file target_6.cif (mmCIF, C-alpha atoms)
data_target
#
loop_
_atom_site.label_atom_id
_atom_site.label_comp_id
_atom_site.auth_asym_id
_atom_site.auth_seq_id
_atom_site.Cartn_x
_atom_site.Cartn_y
_atom_site.Cartn_z
CA SER B 317 0.00 0.00 0.00
CA ALA B 318 0.99 3.65 -0.32
CA LEU B 319 1.28 3.98 3.46
CA MET B 320 3.59 0.98 3.69
CA LYS B 321 5.80 2.38 0.91
CA GLU B 322 6.06 5.71 2.72
CA ALA B 323 7.00 3.98 5.98
CA SER B 324 9.64 1.91 4.17
CA ARG B 325 11.35 5.09 3.01
CA LEU B 326 12.41 5.97 6.55
CA PRO B 327 16.21 5.64 6.93
CA ASP B 328 18.04 3.24 9.23
CA CYS B 329 18.55 5.99 11.80
CA ALA B 330 14.79 5.64 12.37
CA SER B 331 14.61 1.85 12.12
CA THR B 332 12.50 1.42 15.27
CA VAL B 333 10.10 4.12 14.06
CA ARG B 334 9.91 2.42 10.67
CA CYS B 335 9.15 -0.96 12.22
CA CYS B 336 6.46 0.46 14.52
CA LEU B 337 4.74 2.37 11.73
CA LYS B 338 4.67 -0.71 9.50
CA ALA B 339 3.18 -2.78 12.31
CA LEU B 340 0.59 -0.08 13.06
CA ILE B 341 -0.41 0.07 9.38
CA CYS B 342 -0.98 -3.68 9.39
CA LEU B 343 -3.02 -3.50 12.59
CA LYS B 344 -5.11 -0.65 11.22
CA TYR B 345 -6.20 -2.84 8.30
CA GLY B 346 -6.64 -6.00 10.35
CA ARG B 347 -3.48 -7.78 9.21
CA THR B 348 -2.44 -8.95 12.67
CA ASP B 349 -0.27 -11.88 11.52
CA GLU B 350 1.68 -9.58 9.21
CA ALA B 351 2.19 -7.13 12.08
CA ARG B 352 3.55 -9.96 14.24
CA SER B 353 5.91 -10.98 11.45
CA ILE B 354 7.24 -7.43 11.09
CA LEU B 355 7.83 -7.09 14.83
CA SER B 356 9.42 -10.52 15.26
CA SER B 357 11.78 -10.09 12.30
CA PHE B 358 12.97 -6.66 13.43
CA LYS B 359 16.40 -6.67 15.01
CA ALA B 360 16.03 -4.14 17.79
CA THR B 361 19.02 -1.97 18.58
CA ASP B 362 20.94 -2.41 21.79
CA SER B 363 19.98 -0.71 25.00
CA ARG B 364 20.37 3.05 24.82
CA PHE B 365 22.66 2.92 27.84
CA VAL B 366 26.42 2.81 27.74
CA ARG B 367 27.32 0.89 30.87
CA HIS B 368 30.37 1.74 32.97
CA GLU B 369 31.52 -1.87 32.93
CA ASP B 370 31.50 -1.77 29.12
CA LEU B 371 33.76 1.29 29.12
CA ASP B 372 36.15 -0.36 31.57
CA SER B 373 36.77 -3.23 29.17
CA VAL B 374 37.56 -1.22 26.00
CA SER B 375 40.82 0.46 25.05
CA ASP B 376 39.36 3.29 22.95
CA VAL B 377 36.35 4.75 24.77
CA ASP B 378 35.65 7.45 22.15
CA ALA B 379 35.55 4.92 19.31
CA PHE B 380 33.31 2.63 21.35
CA VAL B 381 30.77 5.40 22.07
CA LEU B 382 30.77 6.65 18.46
CA ASN B 383 30.20 3.12 17.19
CA LYS B 384 27.34 2.76 19.68
CA LEU B 385 25.73 5.90 18.27
CA ASP B 386 26.21 4.75 14.67
CA THR B 387 24.67 1.31 15.23
CA CYS B 388 21.51 2.35 17.05
CA ASP B 389 18.62 4.70 16.51
CA TRP B 390 17.88 5.76 20.08
CA ALA B 391 20.23 8.76 19.97
CA LYS B 392 18.05 10.57 17.41
CA LYS B 393 14.89 12.42 18.33
CA PHE B 394 12.02 13.16 15.96
CA CYS B 395 9.45 15.92 16.16
CA PHE B 396 6.09 15.72 14.38
CA VAL B 397 3.53 18.51 14.22
CA PHE B 398 -0.18 17.64 14.50
CA SER B 399 -3.23 19.80 14.96
CA GLY B 400 -4.49 17.43 17.65
CA ARG B 401 -3.58 14.24 19.44
CA PRO B 402 -3.26 11.34 16.95
CA GLN B 403 -5.74 8.61 17.82
CA LEU B 404 -4.70 4.99 17.32
CA GLU B 405 -8.25 3.74 17.73
CA PHE B 406 -7.49 0.35 16.20
CA LEU B 407 -5.39 -0.46 19.27
CA PRO B 408 -6.88 -1.53 22.61
CA LYS B 409 -7.90 1.44 24.75
CA GLU B 410 -5.31 0.74 27.44
CA ILE B 411 -2.54 0.96 24.81
CA ASN B 412 -4.02 3.78 22.74
CA ARG B 413 -4.00 6.12 25.72
CA HIS B 414 -0.25 5.54 26.25
CA PHE B 415 0.82 6.58 22.74
CA PRO B 416 1.26 9.42 22.16
CA ILE B 417 1.28 11.05 25.57
CA CYS B 418 0.85 14.71 26.40
CA ILE B 419 3.88 16.37 27.94
CA LEU B 420 4.33 19.62 29.82
CA TYR B 421 0.54 20.00 30.25
CA VAL B 422 0.24 21.68 26.85
CA ASN B 423 -0.74 20.54 23.37
CA VAL B 424 2.61 18.82 22.82
CA PHE B 425 2.74 15.05 22.38
CA SER B 426 5.56 12.55 22.52
CA ILE B 427 6.09 8.97 21.41
CA ASN B 428 8.91 6.82 22.71
CA PHE B 429 9.10 4.41 19.78
CA GLN B 430 11.25 1.92 21.64
CA ALA B 431 8.55 1.73 24.31
CA LEU B 432 5.90 1.46 21.58
CA TYR B 433 7.81 -1.36 19.88
CA ARG B 434 8.03 -3.28 23.13
CA CYS B 435 4.39 -2.55 23.92
CA LEU B 436 3.28 -3.97 20.55
CA CYS B 437 5.50 -7.03 21.01
CA LEU B 438 3.98 -7.70 24.43
CA HIS B 439 0.43 -7.03 23.23
CA LEU B 440 0.77 -9.38 20.25
CA HIS B 441 2.72 -12.01 22.23
CA VAL B 442 5.78 -11.64 20.03
CA ALA B 443 8.14 -11.28 23.01
CA ASN B 444 8.65 -14.31 25.23
CA GLU B 445 8.75 -14.17 29.02
CA SER B 446 12.54 -14.03 29.17
CA GLN B 447 12.69 -11.10 26.76
CA ALA B 448 9.95 -9.25 28.62
CA LYS B 449 11.76 -9.64 31.95
CA SER B 450 14.95 -8.38 30.36
CA TRP B 451 13.12 -5.23 29.20
CA PHE B 452 11.55 -4.70 32.61
CA LYS B 453 14.89 -5.17 34.34
CA GLU B 454 16.40 -2.53 32.05
CA ILE B 455 13.73 -0.05 33.14
CA LEU B 456 14.43 -0.79 36.80
CA GLU B 457 18.14 -0.16 36.27
CA GLN B 458 17.53 3.33 34.95
CA ASP B 459 17.90 6.30 37.26
CA GLU B 460 15.14 8.17 35.42
CA ALA B 461 12.91 5.95 33.30
CA GLN B 462 10.74 7.59 30.67
CA LEU B 463 7.03 7.74 31.36
CA GLN B 464 5.89 5.54 28.46
CA GLU B 465 8.38 2.85 29.51
CA ILE B 466 6.86 2.94 33.00
CA LEU B 467 3.35 2.72 31.55
CA VAL B 468 4.25 -0.32 29.46
CA MET B 469 5.74 -2.08 32.48
CA LEU B 470 2.72 -1.26 34.64
CA GLN B 471 0.49 -2.64 31.89
CA PHE B 472 2.28 -5.90 31.14
CA CYS B 473 4.57 -6.88 34.01
CA LYS B 474 3.13 -9.69 36.15
CA ASP B 475 6.09 -10.06 38.50
CA ARG B 476 5.00 -8.50 41.81
CA GLU B 477 8.52 -7.92 43.10
CA MET B 478 9.49 -6.08 39.92
CA LEU B 479 6.31 -4.01 40.00
CA VAL B 480 6.92 -2.97 43.59
CA SER B 481 10.50 -2.01 42.70
CA LEU B 482 9.20 0.04 39.76
CA ILE B 483 6.60 1.88 41.84
CA HIS B 484 9.05 2.69 44.63
CA LYS B 485 12.07 3.60 42.52
CA HIS B 486 10.18 5.76 40.02
CA ARG B 487 7.49 7.03 42.40
CA LYS B 488 8.13 10.66 41.47
CA ALA B 489 7.48 10.10 37.75
CA ILE B 490 4.44 7.96 38.56
CA TYR B 491 2.88 10.48 40.96
CA GLU B 492 3.39 13.42 38.59
CA GLN B 493 0.90 12.03 36.05
CA LYS B 494 -2.65 11.23 37.16
CA HIS B 495 -2.98 8.50 34.56
CA THR B 496 0.18 6.73 35.74
CA PHE B 497 -0.73 7.18 39.40
CA ASP B 498 -4.18 5.69 38.78
CA MET B 499 -2.63 2.67 37.04
CA ALA B 500 -0.26 2.00 39.93
CA LEU B 501 -3.01 2.51 42.52
CA ASN B 502 -5.51 0.30 40.69
CA SER B 503 -2.88 -2.43 40.33
CA MET B 504 -2.41 -2.51 44.10
CA LEU B 505 -6.12 -2.30 44.88
CA ALA B 506 -6.75 -5.26 42.57
CA ASP B 507 -3.93 -7.35 44.05
CA GLN B 508 -3.71 -7.57 47.83
CA GLN B 509 -0.39 -9.42 47.64
CA LEU B 510 1.08 -6.58 45.59
CA MET B 511 -0.22 -4.05 48.12
CA GLY B 512 1.27 -6.09 50.97
CA LEU B 513 4.67 -6.20 49.28
CA SER B 514 4.53 -2.47 48.65
CA THR B 515 3.62 -1.77 52.28
CA THR B 516 6.48 -3.96 53.49
CA ARG B 517 8.90 -2.19 51.15
CA SER B 518 7.72 1.20 52.45
CA LEU B 519 8.29 0.12 56.05
CA GLU B 520 11.74 -1.24 55.22
CA GLU B 521 12.68 2.02 53.51
CA THR B 522 11.41 4.03 56.49
CA VAL B 523 13.39 1.92 58.96
CA HIS B 524 16.50 2.27 56.81
CA ARG B 525 16.13 6.05 56.66
CA LEU B 526 15.56 6.24 60.41
CA GLN B 527 18.67 4.16 61.04
CA GLN B 528 20.70 6.42 58.76
CA ARG B 529 19.42 9.51 60.54
CA ASN B 530 20.09 7.90 63.91
CA GLU B 531 23.70 7.25 62.92
CA GLU B 532 24.06 10.84 61.71
CA VAL B 533 22.77 12.15 65.05
CA GLU B 534 25.19 9.99 67.01
CA ARG B 535 28.15 11.06 64.85
CA PHE B 536 27.17 14.72 65.23
CA ALA B 537 26.78 14.44 69.00
CA LEU B 538 30.05 12.59 69.51
CA SER B 539 32.00 14.99 67.30
CA THR B 540 30.50 17.94 69.21
CA ILE B 541 31.45 16.50 72.61
CA GLU B 542 34.93 15.54 71.42
CA GLY B 543 35.44 19.04 70.05
CA ARG B 544 34.40 20.65 73.33
CA SER B 545 36.53 18.21 75.30
CA THR B 546 39.58 19.08 73.22
CA LEU B 547 39.04 22.80 73.78
CA LYS B 548 38.66 22.31 77.54
CA LYS B 549 41.81 20.20 77.74
CA ARG B 550 43.76 22.87 75.90
CA SER B 551 42.47 25.50 78.32
CA GLY B 552 43.23 23.32 81.34
CA ALA B 553 39.57 22.72 82.25
CA PRO B 554 38.31 19.20 83.04
CA GLY B 555 37.16 17.42 79.89
CA ALA B 556 33.85 15.77 79.28
CA GLY B 557 34.07 12.04 78.87
CA ALA B 558 32.17 9.54 76.79
CA PRO B 559 29.19 9.45 79.23
CA GLY B 560 28.58 13.10 78.41
CA ALA B 561 28.54 12.31 74.71
CA LYS B 562 26.06 9.51 75.21
CA ALA B 563 23.86 11.78 77.30
CA LEU B 564 23.83 14.38 74.53
CA VAL B 565 22.87 11.69 72.01
CA LEU B 566 19.89 10.73 74.16
CA VAL B 567 18.79 14.36 74.29
CA LEU B 568 19.25 15.03 70.57
CA LYS B 569 17.57 11.89 69.26
CA PRO B 570 13.96 12.87 70.05
CA LEU B 571 14.63 16.37 68.72
CA VAL B 572 16.05 15.27 65.37
CA LEU B 573 14.13 12.08 64.64
CA LYS B 574 11.01 13.77 63.35
CA PRO B 575 8.29 11.73 61.60
CA LEU B 576 9.08 11.07 57.95
CA VAL B 577 6.51 12.02 55.36
#
call {"tool": "encode", "arguments": {"input": "target_6.cif", "output": "structure tokens"}}
result
Amino acid sequence: SALMKEASRLPDCASTVRCCLKALICLKYGRTDEARSILSSFKATDSRFVRHEDLDSVSDVDAFVLNKLDTCDWAKKFCFVFSGRPQLEFLPKEINRHFPICILYVNVFSINFQALYRCLCLHLHVANESQAKSWFKEILEQDEAQLQEILVMLQFCKDREMLVSLIHKHRKAIYEQKHTFDMALNSMLADQQLMGLSTTRSLEETVHRLQQRNEEVERFALSTIEGRSTLKKRSGAPGAGAPGAKALVLVLKPLVLKPLV
């Protein structure tokens, strides 16, 4: 078709975009098997991350990074202008509302085509369980995952431990968007085990933070007492011993250990 020919004209630097558009064209006209074939035959580029351990094992870091950029398509960004939000109504509603997504609370929309590719593979059962877990693990390893990647994982991940890790690690990105927050909340309301794991993780994180703050208070109190003791010794006054430091710790703890929100 004319649409398929136009999609095929996209260069290799947009190979993921080209694959996704071809698959979407097939789905639009009911050719599901052809869409599966396109997705399964596509050789996805490597992860967009350059790992530190990879850099440690190469002699020429600059050449390695440049080659990484030349052999993938995730380093390029594409901007498309539309009068309104494109509607992919031939996709299930729960996927259609993820792509594209509004950003910055204005009439600007974004599509992460790598996330869309993975979403289509999961929706059409092209990706096996091992591949899906590898994708989800990659999202968890990111310091700042992109919103559409989070949405795809919330939609398709069935591993409770991984979901809890996603919700807790990327809570800021999830809470900033009502749609994402609702997905995470509904997932927990529908799965009591997931909610229990999330509650346990929250308690563990709170205890860990309290312990860290407790250690900071003790270090501060001891260093303060030791400093005063040193000054008194230099001036010839009797120094304060360890019992005084411990007493100060006991006084400071209730003042510093405020409830965490």
call {"tool": "closest_residue", "arguments": {"input": "target_6.cif", "among": "B:Ala379, B:Met511, B:Leu432, B:Leu371", "to": "B:Cys335", "atoms": "only C-alpha atoms"}}
result
B:Leu432
call {"tool": "resolve_selection", "arguments": {"input": "target_6.cif", "expression": "the PyMOL selection byres ((chain B and resi 356) around 12)", "output": "ChimeraX atom specification"}}
result
/B:335-336,339,349-355,357-360,433-434,436-438,440-444,447
call {"tool": "residues_around", "arguments": {"input": "target_6.cif", "residues": "B:Arg487", "least_positions_apart": "3", "cutoff": "12 Å", "atoms": "all atoms listed in the file", "output": "list in words"}}
result
Leu456, Asp459, Glu460, Ala461, Leu463, Ile466, Leu479, Val480, Ser481, Leu482, Ile483, His484, Ile490, Tyr491, Glu492, Gln493, Thr496, Phe497, Ala500, Leu501, Ser514 and Ser518 of chain B
call {"tool": "closest_residue", "arguments": {"input": "target_6.cif", "among": "B:Arg476, B:Asn383, B:Val333, B:Leu505", "to": "B:Ala431", "atoms": "only C-alpha atoms"}}
result
B:Val333
call {"tool": "residues_around", "arguments": {"input": "target_6.cif", "residues": "stretch 412-414 of chain B", "least_positions_apart": "2", "cutoff": "9 Å", "atoms": "all atoms listed in the file", "output": "list in words"}}
result
Gln403, Leu404, Glu405, Phe406, Leu407, Pro408, Lys409, Glu410, Pro416, Ile417, Ile427, Leu432, Gln464, Leu467 and Val468 of chain B
call {"tool": "atom_distance", "arguments": {"input": "target_6.cif", "atom1": "atom CA of B:Val424", "atom2": "atom CA of B:Leu319"}}
result
24.4 Å
call {"tool": "residues_around", "arguments": {"input": "target_6.cif", "residues": "B:Asp328", "least_positions_apart": "3", "cutoff": "9 Å", "atoms": "all atoms listed in the file", "output": "PyMOL selection string"}}
result
chain B and resi 331-332+334+388-389
call {"tool": "atom_distance", "arguments": {"input": "target_6.cif", "atom1": "atom CA of B:Trp451", "atom2": "atom CA of B:Met320"}}
result
27.9 Å
call {"tool": "closest_residue", "arguments": {"input": "target_6.cif", "among": "B:Gln471, B:Asn530, B:Ser373, B:Thr348", "to": "B:Cys435", "atoms": "all atoms listed in the file"}}
result
B:Gln471
call {"tool": "atom_distance", "arguments": {"input": "target_6.cif", "atom1": "atom CA of B:Glu454", "atom2": "atom CA of B:Phe472"}}
result
14.5 Å
call {"tool": "closest_residue", "arguments": {"input": "target_6.cif", "among": "B:Lys485, B:Lys321, B:Lys494, B:Arg529", "to": "B:Arg517", "atoms": "only C-alpha atoms"}}
result
B:Lys485
call {"tool": "build_atoms", "arguments": {"input": "target_6.cif", "residues": "stretch 407-421 of chain B", "atoms": "N, CA and C atoms", "output": "PDB file, keeping the file's coordinate frame"}}
result
ATOM      1  N   LEU B 407      -6.068   0.221  18.176  1.00  0.00           N
ATOM      2  CA  LEU B 407      -5.390  -0.460  19.270  1.00  0.00           C
ATOM      3  C   LEU B 407      -6.310  -0.538  20.481  1.00  0.00           C
ATOM      4  N   PRO B 408      -6.087  -1.488  21.378  1.00  0.00           N
ATOM      5  CA  PRO B 408      -6.880  -1.530  22.610  1.00  0.00           C
ATOM      6  C   PRO B 408      -6.778  -0.210  23.366  1.00  0.00           C
ATOM      7  N   LYS B 409      -7.839   0.144  24.067  1.00  0.00           N
ATOM      8  CA  LYS B 409      -7.900   1.440  24.750  1.00  0.00           C
ATOM      9  C   LYS B 409      -6.742   1.643  25.712  1.00  0.00           C
ATOM     10  N   GLU B 410      -6.362   0.583  26.443  1.00  0.00           N
ATOM     11  CA  GLU B 410      -5.310   0.740  27.440  1.00  0.00           C
ATOM     12  C   GLU B 410      -3.943   0.999  26.811  1.00  0.00           C
ATOM     13  N   ILE B 411      -3.787   0.662  25.517  1.00  0.00           N
ATOM     14  CA  ILE B 411      -2.540   0.960  24.810  1.00  0.00           C
ATOM     15  C   ILE B 411      -2.649   2.291  24.078  1.00  0.00           C
ATOM     16  N   ASN B 412      -3.790   2.541  23.490  1.00  0.00           N
ATOM     17  CA  ASN B 412      -4.020   3.780  22.740  1.00  0.00           C
ATOM     18  C   ASN B 412      -3.771   5.009  23.597  1.00  0.00           C
ATOM     19  N   ARG B 413      -4.146   4.939  24.872  1.00  0.00           N
ATOM     20  CA  ARG B 413      -4.000   6.120  25.720  1.00  0.00           C
ATOM     21  C   ARG B 413      -2.548   6.355  26.153  1.00  0.00           C
ATOM     22  N   HIS B 414      -1.668   5.369  25.922  1.00  0.00           N
ATOM     23  CA  HIS B 414      -0.250   5.540  26.250  1.00  0.00           C
ATOM     24  C   HIS B 414       0.527   6.241  25.140  1.00  0.00           C
ATOM     25  N   PHE B 415       0.064   6.096  23.899  1.00  0.00           N
ATOM     26  CA  PHE B 415       0.820   6.580  22.740  1.00  0.00           C
ATOM     27  C   PHE B 415      -0.078   7.358  21.793  1.00  0.00           C
ATOM     28  N   PRO B 416       0.235   8.616  21.488  1.00  0.00           N
ATOM     29  CA  PRO B 416       1.260   9.420  22.160  1.00  0.00           C
ATOM     30  C   PRO B 416       0.752   9.937  23.493  1.00  0.00           C
ATOM     31  N   ILE B 417       1.648  10.525  24.257  1.00  0.00           N
ATOM     32  CA  ILE B 417       1.280  11.050  25.570  1.00  0.00           C
ATOM     33  C   ILE B 417       1.556  12.540  25.606  1.00  0.00           C
ATOM     34  N   CYS B 418       0.681  13.262  26.282  1.00  0.00           N
ATOM     35  CA  CYS B 418       0.850  14.710  26.400  1.00  0.00           C
ATOM     36  C   CYS B 418       1.970  15.011  27.387  1.00  0.00           C
ATOM     37  N   ILE B 419       2.800  15.976  27.046  1.00  0.00           N
ATOM     38  CA  ILE B 419       3.880  16.370  27.940  1.00  0.00           C
ATOM     39  C   ILE B 419       3.779  17.850  28.247  1.00  0.00           C
ATOM     40  N   LEU B 420       4.264  18.219  29.388  1.00  0.00           N
ATOM     41  CA  LEU B 420       4.330  19.620  29.820  1.00  0.00           C
ATOM     42  C   LEU B 420       2.962  20.275  29.954  1.00  0.00           C
ATOM     43  N   TYR B 421       1.894  19.488  30.038  1.00  0.00           N
ATOM     44  CA  TYR B 421       0.540  20.000  30.250  1.00  0.00           C
ATOM     45  C   TYR B 421       0.097  20.975  29.158  1.00  0.00           C
TER      46      TYR B 421
END
